[in-house]
Amino acid sequence: MIRVENLVKQFGAKRAVNGISFTVERGEVLGLLGPNGAGKSTTMRIITGFYPATSGRVTVGGHDVAVDPIRAKALIGYLPESAPSYADMTVQGFLSFIADLRGLSGSAKKAAVHGAVETCLLESVLHQPIDTLSKGYRHRTCLAQAILHDPDVLVLDEPTDGLDPNQKHAARELIRRMGERKAIVFSTHILEEVEAACTRAVIIDRGSVVANGTPAELKARSATAGCVRVTLAGAGAADAAVSQLGQLPGAERAELLPGADPAVDGRVTVRVYPKREGNGAIGAAGAALTVAVAQAAQAGGWQVQALSTEEGRLEDVFRSITLPDTVVQ
Ligand SMILES: Nc1ncnc2c1ncn2[C@@H]1O[C@H](COP(=O)(O)OP(=O)(O)O)[C@@H](O)[C@H]1O
Ligand SMILES: [Mg+2]
């Protein structure tokens, strides 16, 4: 539904977007992840036809946004960054105005406005001017505007920015649900959002795509993915446990994790890193590491209080592939 090919956007001397490509199919929720200034909003503004691209091409539902913008825009609902709307209109008046712009009238218009109001929980503020609303309601009013015509494609720029934790949760649920039958791209710098709502994530840094995969695939790139984490009691000297676990056949090395003090409560938590093959994959011995750790504990007469295989952390991956000093100009 969305195809972005080799997109470039130059603002004077500044190259905000430097050859970005990705696609979004129906049924997908794509998270655009990246530090501030990475080029997320600029990419979305080009997809929605707000800015022309310097070069490259975007099609929405097969329509080139530069050649056939009206057809492309008819398929898109857009929540721009910081949720702009007309502050002096009432919620009802604003949504009615948007329905007119979308070419809806009569019962279709009524049903569209009603549906958007219901989805975004706006009944209680319908007749209130938008500038008297709390930030959460203002945000939802702009989201209602984006989904009013039941578009096939949704482009949401930081849709949970400024919402409280309950509202954030509700917004993510809504995005996930709507994503089952639409193509959605949303931007965020909140990593947990990607896990909660996305089927796939594209990480952008300094105008370029640096990773593209499912949240699980991205997490698997983290240095701690596949590590076995074990909390032991009665292991005696922590150093001995670490050294013994680090020498297991599937282990690369082991480290003591900070936390419980063995001298005080007799517990230690150890992370055992699996052996990796040349391509970074975890070999058969590495995959059997959890069992090996449990057996070593049993043989050593240690009590296992917790044992898990780590999935890896998106935050580690994000930090390892994006540069910390992206300057917002
Ligand atoms: N209209 C503009 N004119 C000049 N520079 C811009 C403009 N819009 C964005 N930029 C610059 O492009 C870069 C990317 O910005 P943006 O797409 O807003 O990043 P993000 O949404 O990922 O935080 C930033 O360095 C920003 O300052
Ligand atoms: Mg932005």
# chains A, B, ... in the order shown; residues from 1 in each chain; ligands from 1
$ residues_around --residues "Asn212 (chain A)" --least-positions-apart "2" --cutoff "9 Å" --atoms "only C-alpha atoms" --output "PyMOL selection string"
chain A and resi 22+200-203+209-210+214+217-218
$ write_last_selection --atoms "C-alpha atoms" --output "CSV table (one decimal), in the first residue's frame"
chain,number,residue,atom,x,y,z
A,22,PHE,CA,10.6,0.7,2.6
A,200,ARG,CA,7.7,-4.4,11.8
A,201,ALA,CA,10.1,-1.6,12.6
A,202,VAL,CA,12.4,0.5,10.4
A,203,ILE,CA,15.1,2.3,12.4
A,209,VAL,CA,17.5,3.3,7.2
A,210,VAL,CA,19.9,1.4,9.5
A,214,THR,CA,10.2,-7.5,13.2
A,217,GLU,CA,14.3,-10.0,14.7
A,218,LEU,CA,15.7,-6.6,15.8
$ residues_around --residues "Ser124 (chain A)" --least-positions-apart "3" --cutoff "12 Å" --atoms "only C-alpha atoms" --output "ChimeraX atom specification"
/A:90-92,117-118,120-121,127-128,133,137,141
$ write_last_selection --atoms "N, CA and C atoms" --output "mmCIF file, in the first residue's frame"
data_model
loop_
_atom_site.group_PDB
_atom_site.id
_atom_site.type_symbol
_atom_site.label_atom_id
_atom_site.label_comp_id
_atom_site.auth_asym_id
_atom_site.auth_seq_id
_atom_site.Cartn_x
_atom_site.Cartn_y
_atom_site.Cartn_z
ATOM 1 N N THR A 90 -15.467 23.908 17.299
ATOM 2 C CA THR A 90 -15.822 22.845 18.239
ATOM 3 C C THR A 90 -15.377 21.522 17.611
ATOM 4 N N VAL A 91 -15.334 20.475 18.437
ATOM 5 C CA VAL A 91 -14.947 19.160 17.934
ATOM 6 C C VAL A 91 -15.908 18.741 16.817
ATOM 7 N N GLN A 92 -17.195 18.918 17.086
ATOM 8 C CA GLN A 92 -18.217 18.553 16.097
ATOM 9 C C GLN A 92 -18.030 19.358 14.796
ATOM 10 N N VAL A 117 -15.971 9.692 16.232
ATOM 11 C CA VAL A 117 -16.207 10.184 17.596
ATOM 12 C C VAL A 117 -16.239 9.014 18.576
ATOM 13 N N GLU A 118 -16.872 7.938 18.148
ATOM 14 C CA GLU A 118 -16.983 6.767 19.011
ATOM 15 C C GLU A 118 -15.607 6.116 19.224
ATOM 16 N N CYS A 120 -12.659 7.402 18.965
ATOM 17 C CA CYS A 120 -11.703 8.250 19.685
ATOM 18 C C CYS A 120 -12.270 8.783 21.005
ATOM 19 N N LEU A 121 -13.411 8.269 21.415
ATOM 20 C CA LEU A 121 -14.024 8.614 22.717
ATOM 21 C C LEU A 121 -14.167 10.132 22.904
ATOM 22 N N HIS A 127 -19.214 19.458 21.753
ATOM 23 C CA HIS A 127 -19.610 20.847 21.515
ATOM 24 C C HIS A 127 -18.650 21.846 22.141
ATOM 25 N N GLN A 128 -17.489 21.344 22.569
ATOM 26 C CA GLN A 128 -16.501 22.216 23.199
ATOM 27 C C GLN A 128 -15.525 22.756 22.145
ATOM 28 N N LEU A 133 -9.865 22.195 25.178
ATOM 29 C CA LEU A 133 -9.697 20.773 25.510
ATOM 30 C C LEU A 133 -8.343 20.501 26.145
ATOM 31 N N TYR A 137 -7.433 15.104 24.705
ATOM 32 C CA TYR A 137 -8.628 15.240 23.860
ATOM 33 C C TYR A 137 -8.293 15.929 22.537
ATOM 34 N N THR A 141 -8.900 14.360 18.934
ATOM 35 C CA THR A 141 -9.695 15.045 17.913
ATOM 36 C C THR A 141 -8.957 15.005 16.574
#
$ residues_near_ligand --ligand "ligand 2" --cutoff "10 Å" --atoms "only C-alpha atoms and all ligand atoms" --output "NGL selection string"
:A and (34-45 or 80-82 or 157-158 or 187-189)
$ write_last_selection --atoms "C-alpha atoms" --output "mmCIF file, in the first residue's frame"
data_model
loop_
_atom_site.group_PDB
_atom_site.id
_atom_site.type_symbol
_atom_site.label_atom_id
_atom_site.label_comp_id
_atom_site.auth_asym_id
_atom_site.auth_seq_id
_atom_site.Cartn_x
_atom_site.Cartn_y
_atom_site.Cartn_z
ATOM 1 C CA GLY A 34 14.851 6.958 15.296
ATOM 2 C CA PRO A 35 16.427 9.687 17.398
ATOM 3 C CA ASN A 36 15.223 13.289 17.149
ATOM 4 C CA GLY A 37 16.183 14.817 13.839
ATOM 5 C CA ALA A 38 16.582 11.422 12.122
ATOM 6 C CA GLY A 39 14.176 12.350 9.315
ATOM 7 C CA LYS A 40 10.982 10.580 10.417
ATOM 8 C CA SER A 41 8.621 13.550 10.115
ATOM 9 C CA THR A 42 10.146 14.655 6.828
ATOM 10 C CA THR A 43 9.634 11.159 5.383
ATOM 11 C CA MET A 44 6.000 11.181 6.530
ATOM 12 C CA ARG A 45 5.420 14.651 5.142
ATOM 13 C CA PRO A 80 0.774 15.303 11.712
ATOM 14 C CA GLU A 81 3.356 15.884 14.444
ATOM 15 C CA SER A 82 1.849 17.693 17.480
ATOM 16 C CA ASP A 157 3.509 11.101 13.394
ATOM 17 C CA GLU A 158 4.207 10.434 17.086
ATOM 18 C CA SER A 187 6.766 7.277 14.118
ATOM 19 C CA THR A 188 7.983 7.143 17.659
ATOM 20 C CA HIS A 189 11.109 7.314 19.738
#
$ closest_residue --among "A:Gly266, A:Gly49, A:Gly207, A:Gly62" --to "ligand 1" --atoms "only C-alpha atoms and all ligand atoms"
A:Gly207
$ select_by_dssp --residues "region 93-219 of chain A" --states "strand (DSSP E)" --output "PyMOL selection string"
chain A and resi 153-157+183-188+200-205+208-213
$ write_last_selection --atoms "N, CA and C atoms" --output "compact mmCIF listing (two decimals), in the first residue's frame"
# COMPACT_ATOMS: atom_id res chain seq x y z
N VAL A 153 -4.83 3.71 4.35
CA VAL A 153 -3.47 3.99 4.79
C VAL A 153 -3.51 5.05 5.91
N LEU A 154 -2.80 4.77 6.99
CA LEU A 154 -2.71 5.78 8.05
C LEU A 154 -1.25 6.15 8.26
N VAL A 155 -0.99 7.45 8.31
CA VAL A 155 0.34 7.95 8.59
C VAL A 155 0.24 8.76 9.87
N LEU A 156 0.85 8.25 10.92
CA LEU A 156 0.66 8.85 12.25
C LEU A 156 2.03 9.29 12.79
N ASP A 157 2.21 10.58 12.95
CA ASP A 157 3.51 11.10 13.39
C ASP A 157 3.49 11.30 14.91
N ALA A 183 -2.94 -0.32 6.19
CA ALA A 183 -1.48 -0.22 6.21
C ALA A 183 -1.16 1.01 7.05
N ILE A 184 -0.42 0.82 8.12
CA ILE A 184 -0.16 1.94 9.03
C ILE A 184 1.34 2.17 9.16
N VAL A 185 1.72 3.42 9.10
CA VAL A 185 3.10 3.75 9.47
C VAL A 185 3.02 4.81 10.55
N PHE A 186 3.71 4.55 11.65
CA PHE A 186 3.74 5.57 12.70
C PHE A 186 5.15 5.77 13.22
N SER A 187 5.42 6.99 13.65
CA SER A 187 6.77 7.28 14.12
C SER A 187 6.76 7.38 15.63
N THR A 188 7.87 7.06 16.21
CA THR A 188 7.98 7.14 17.66
C THR A 188 9.45 7.10 18.03
N ARG A 200 6.36 -4.55 12.34
CA ARG A 200 7.71 -4.40 11.81
C ARG A 200 8.22 -3.01 12.16
N ALA A 201 9.52 -2.88 12.28
CA ALA A 201 10.09 -1.56 12.59
C ALA A 201 11.22 -1.25 11.63
N VAL A 202 11.27 0.02 11.24
CA VAL A 202 12.38 0.52 10.44
C VAL A 202 13.09 1.55 11.32
N ILE A 203 14.37 1.35 11.55
CA ILE A 203 15.12 2.32 12.35
C ILE A 203 15.85 3.26 11.41
N ILE A 204 15.62 4.56 11.62
CA ILE A 204 16.24 5.59 10.77
C ILE A 204 17.24 6.36 11.61
N ASP A 205 18.38 6.64 11.04
CA ASP A 205 19.35 7.49 11.72
C ASP A 205 19.98 8.41 10.68
N SER A 208 18.97 7.91 7.03
CA SER A 208 19.11 6.62 6.35
C SER A 208 18.50 5.49 7.18
N VAL A 209 18.03 4.45 6.49
CA VAL A 209 17.53 3.26 7.18
C VAL A 209 18.72 2.46 7.68
N VAL A 210 18.77 2.19 8.99
CA VAL A 210 19.88 1.39 9.51
C VAL A 210 19.43 0.00 9.96
N ALA A 211 18.12 -0.24 10.02
CA ALA A 211 17.61 -1.58 10.33
C ALA A 211 16.16 -1.67 9.91
N ASN A 212 15.73 -2.88 9.53
CA ASN A 212 14.36 -3.10 9.08
C ASN A 212 14.02 -4.55 9.44
N GLY A 213 13.09 -4.76 10.37
CA GLY A 213 12.75 -6.13 10.75
C GLY A 213 11.63 -6.16 11.76
$ closest_residue --among "A:Ala233, A:Ala223, A:Val58, A:Ala306" --to "Lys275 (chain A)" --atoms "only C-alpha atoms"
A:Ala223
$ select_by_dssp --residues "region 151-180 of chain A" --states "alpha helix (DSSP H)" --output "ChimeraX atom specification"
/A:165-178
$ residues_around --residues "Ala288 (chain A)" --least-positions-apart "6" --cutoff "10 Å" --atoms "only C-alpha atoms" --output "ChimeraX atom specification"
/A:249-251,274,282
$ write_last_selection --atoms "N, CA and C atoms" --output "mmCIF file, in the first residue's frame"
data_model
loop_
_atom_site.group_PDB
_atom_site.id
_atom_site.type_symbol
_atom_site.label_atom_id
_atom_site.label_comp_id
_atom_site.auth_asym_id
_atom_site.auth_seq_id
_atom_site.Cartn_x
_atom_site.Cartn_y
_atom_site.Cartn_z
ATOM 1 N N PRO A 249 30.200 -26.297 27.644
ATOM 2 C CA PRO A 249 30.489 -26.484 26.216
ATOM 3 C C PRO A 249 29.827 -25.430 25.298
ATOM 4 N N GLY A 250 28.590 -25.016 25.573
ATOM 5 C CA GLY A 250 27.935 -24.051 24.672
ATOM 6 C C GLY A 250 28.199 -22.601 25.024
ATOM 7 N N ALA A 251 29.059 -22.400 26.072
ATOM 8 C CA ALA A 251 29.211 -21.028 26.575
ATOM 9 C C ALA A 251 30.439 -20.339 25.988
ATOM 10 N N PRO A 274 26.137 -17.333 25.010
ATOM 11 C CA PRO A 274 26.299 -18.528 24.170
ATOM 12 C C PRO A 274 27.408 -18.334 23.146
ATOM 13 N N ILE A 282 23.473 -18.403 16.840
ATOM 14 C CA ILE A 282 23.801 -19.227 17.991
ATOM 15 C C ILE A 282 23.766 -20.687 17.555
#
$ residues_around --residues "Arg71 (chain A)" --least-positions-apart "4" --cutoff "12 Å" --atoms "only C-alpha atoms" --output "compact mmCIF listing (two decimals) with C-alpha atoms, in the first residue's frame"
# COMPACT_ATOMS: atom_id res chain seq x y z
CA THR A 48 1.38 12.47 2.61
CA GLY A 49 2.21 14.98 -0.12
CA THR A 59 3.37 5.53 -4.22
CA VAL A 60 0.28 5.02 -2.08
CA GLY A 61 -2.14 2.35 -3.27
CA GLY A 62 -0.23 2.41 -6.55
CA HIS A 63 -0.66 6.18 -7.05
CA ASP A 64 2.49 8.28 -7.26
CA VAL A 65 2.05 11.08 -4.69
CA ALA A 66 3.89 13.54 -6.93
CA VAL A 67 1.98 12.68 -10.13
CA LEU A 75 -6.44 6.89 0.55
CA ILE A 76 -4.49 8.47 3.41
CA ARG A 102 -13.33 14.32 2.28
CA PRO A 151 -8.70 5.31 4.90
$ closest_residue --among "A:His139, A:Lys14, A:His114, A:Lys219" --to "Arg319 (chain A)" --atoms "only C-alpha atoms"
A:Lys219
$ closest_residue --among "A:Thr199, A:Gln305, A:Thr160, A:Thr322" --to "Arg172 (chain A)" --atoms "only C-alpha atoms"
A:Thr160
$ closest_residue --among "A:Arg15, A:Lys168, A:Arg3, A:Arg267" --to "ligand 1" --atoms "only C-alpha atoms and all ligand atoms"
A:Arg15
$ atom_distance --atom1 "CA of Arg176 (chain A)" --atom2 "CA of Gly136 (chain A)"
18.9 Å
$ closest_residue --among "A:Ala16, A:Leu191, A:Ala87, A:Leu101" --to "ligand 1" --atoms "only C-alpha atoms and all ligand atoms"
A:Ala16
$ residues_around --residues "Ile98 (chain A)" --least-positions-apart "2" --cutoff "10 Å" --atoms "only C-alpha atoms" --output "list of chain:residue names"
A:Gln92, A:Gly93, A:Phe94, A:Leu95, A:Ser96, A:Asp100, A:Leu101, A:Arg102, A:Gly103, A:Leu104, A:Lys109, A:Val113, A:Ala144, A:Gln145, A:Ala146, A:Leu148, A:His149
$ decode --residues "region 69-104 of chain A" --atoms "N, CA and C atoms" --output "mmCIF file, in the first residue's frame"
data_model
loop_
_atom_site.group_PDB
_atom_site.id
_atom_site.type_symbol
_atom_site.label_atom_id
_atom_site.label_comp_id
_atom_site.auth_asym_id
_atom_site.auth_seq_id
_atom_site.Cartn_x
_atom_site.Cartn_y
_atom_site.Cartn_z
ATOM 1 N N PRO A 69 -1.528 13.300 -6.825
ATOM 2 C CA PRO A 69 -1.650 13.532 -5.380
ATOM 3 C C PRO A 69 -3.087 13.397 -4.848
ATOM 4 N N ILE A 70 -4.075 13.773 -5.628
ATOM 5 C CA ILE A 70 -5.452 13.728 -5.111
ATOM 6 C C ILE A 70 -5.873 12.287 -4.849
ATOM 7 N N ARG A 71 -5.583 11.412 -5.826
ATOM 8 C CA ARG A 71 -5.927 9.992 -5.650
ATOM 9 C C ARG A 71 -5.177 9.402 -4.459
ATOM 10 N N ALA A 72 -3.873 9.723 -4.352
ATOM 11 C CA ALA A 72 -3.078 9.179 -3.245
ATOM 12 C C ALA A 72 -3.622 9.686 -1.914
ATOM 13 N N LYS A 73 -3.883 10.989 -1.834
ATOM 14 C CA LYS A 73 -4.314 11.570 -0.552
ATOM 15 C C LYS A 73 -5.687 11.065 -0.120
ATOM 16 N N ALA A 74 -6.531 10.695 -1.092
ATOM 17 C CA ALA A 74 -7.853 10.178 -0.754
ATOM 18 C C ALA A 74 -7.738 8.873 0.046
ATOM 19 N N LEU A 75 -6.624 8.174 -0.136
ATOM 20 C CA LEU A 75 -6.442 6.885 0.548
ATOM 21 C C LEU A 75 -5.792 7.043 1.921
ATOM 22 N N ILE A 76 -5.327 8.268 2.218
ATOM 23 C CA ILE A 76 -4.488 8.466 3.408
ATOM 24 C C ILE A 76 -5.231 9.207 4.514
ATOM 25 N N GLY A 77 -5.049 8.750 5.743
ATOM 26 C CA GLY A 77 -5.400 9.545 6.918
ATOM 27 C C GLY A 77 -4.086 9.958 7.554
ATOM 28 N N TYR A 78 -3.961 11.213 7.973
ATOM 29 C CA TYR A 78 -2.664 11.730 8.434
ATOM 30 C C TYR A 78 -2.834 12.447 9.764
ATOM 31 N N LEU A 79 -2.085 11.995 10.737
ATOM 32 C CA LEU A 79 -1.989 12.706 12.013
ATOM 33 C C LEU A 79 -0.611 13.355 12.026
ATOM 34 N N PRO A 80 -0.548 14.665 11.743
ATOM 35 C CA PRO A 80 0.774 15.303 11.712
ATOM 36 C C PRO A 80 1.368 15.426 13.114
ATOM 37 N N GLU A 81 2.672 15.706 13.167
ATOM 38 C CA GLU A 81 3.356 15.884 14.444
ATOM 39 C C GLU A 81 2.653 16.990 15.242
ATOM 40 N N SER A 82 2.512 16.799 16.514
ATOM 41 C CA SER A 82 1.849 17.693 17.480
ATOM 42 C C SER A 82 0.379 17.992 17.166
ATOM 43 N N ALA A 83 -0.252 17.116 16.386
ATOM 44 C CA ALA A 83 -1.717 17.078 16.246
ATOM 45 C C ALA A 83 -2.386 18.434 16.017
ATOM 46 N N PRO A 84 -2.071 19.106 14.924
ATOM 47 C CA PRO A 84 -2.691 20.408 14.677
ATOM 48 C C PRO A 84 -4.166 20.289 14.301
ATOM 49 N N SER A 85 -4.945 21.325 14.661
ATOM 50 C CA SER A 85 -6.344 21.390 14.207
ATOM 51 C C SER A 85 -6.732 22.865 14.268
ATOM 52 N N TYR A 86 -8.019 23.172 14.127
ATOM 53 C CA TYR A 86 -8.457 24.573 14.207
ATOM 54 C C TYR A 86 -9.001 24.845 15.603
ATOM 55 N N ALA A 87 -8.244 25.621 16.368
ATOM 56 C CA ALA A 87 -8.504 25.768 17.800
ATOM 57 C C ALA A 87 -9.857 26.402 18.109
ATOM 58 N N ASP A 88 -10.353 27.274 17.239
ATOM 59 C CA ASP A 88 -11.604 27.959 17.578
ATOM 60 C C ASP A 88 -12.850 27.189 17.134
ATOM 61 N N MET A 89 -12.670 26.072 16.451
ATOM 62 C CA MET A 89 -13.839 25.251 16.091
ATOM 63 C C MET A 89 -14.196 24.324 17.239
ATOM 64 N N THR A 90 -15.467 23.908 17.299
ATOM 65 C CA THR A 90 -15.822 22.845 18.239
ATOM 66 C C THR A 90 -15.377 21.522 17.611
ATOM 67 N N VAL A 91 -15.334 20.475 18.437
ATOM 68 C CA VAL A 91 -14.947 19.160 17.934
ATOM 69 C C VAL A 91 -15.908 18.741 16.817
ATOM 70 N N GLN A 92 -17.195 18.918 17.086
ATOM 71 C CA GLN A 92 -18.217 18.553 16.097
ATOM 72 C C GLN A 92 -18.030 19.358 14.796
ATOM 73 N N GLY A 93 -17.815 20.665 14.961
ATOM 74 C CA GLY A 93 -17.663 21.542 13.795
ATOM 75 C C GLY A 93 -16.430 21.160 12.975
ATOM 76 N N PHE A 94 -15.337 20.856 13.680
ATOM 77 C CA PHE A 94 -14.090 20.491 13.002
ATOM 78 C C PHE A 94 -14.263 19.193 12.216
ATOM 79 N N LEU A 95 -14.859 18.189 12.864
ATOM 80 C CA LEU A 95 -15.004 16.895 12.189
ATOM 81 C C LEU A 95 -15.986 16.987 11.025
ATOM 82 N N SER A 96 -17.002 17.834 11.182
ATOM 83 C CA SER A 96 -17.967 18.034 10.102
ATOM 84 C C SER A 96 -17.264 18.695 8.897
ATOM 85 N N PHE A 97 -16.392 19.659 9.211
ATOM 86 C CA PHE A 97 -15.610 20.348 8.176
ATOM 87 C C PHE A 97 -14.699 19.361 7.431
ATOM 88 N N ILE A 98 -14.029 18.489 8.210
ATOM 89 C CA ILE A 98 -13.135 17.498 7.592
ATOM 90 C C ILE A 98 -13.943 16.527 6.718
ATOM 91 N N ALA A 99 -15.137 16.142 7.211
ATOM 92 C CA ALA A 99 -15.989 15.229 6.420
ATOM 93 C C ALA A 99 -16.358 15.890 5.090
ATOM 94 N N ASP A 100 -16.642 17.196 5.127
ATOM 95 C CA ASP A 100 -16.942 17.922 3.877
ATOM 96 C C ASP A 100 -15.738 17.866 2.931
ATOM 97 N N LEU A 101 -14.534 18.122 3.502
ATOM 98 C CA LEU A 101 -13.313 18.087 2.675
ATOM 99 C C LEU A 101 -13.106 16.717 2.040
ATOM 100 N N ARG A 102 -13.502 15.676 2.780
ATOM 101 C CA ARG A 102 -13.334 14.317 2.282
ATOM 102 C C ARG A 102 -14.453 13.929 1.325
ATOM 103 N N GLY A 103 -15.339 14.881 1.047
ATOM 104 C CA GLY A 103 -16.388 14.640 0.047
ATOM 105 C C GLY A 103 -17.555 13.819 0.556
ATOM 106 N N LEU A 104 -17.691 13.772 1.884
ATOM 107 C CA LEU A 104 -18.803 12.992 2.447
ATOM 108 C C LEU A 104 -20.011 13.901 2.652
#
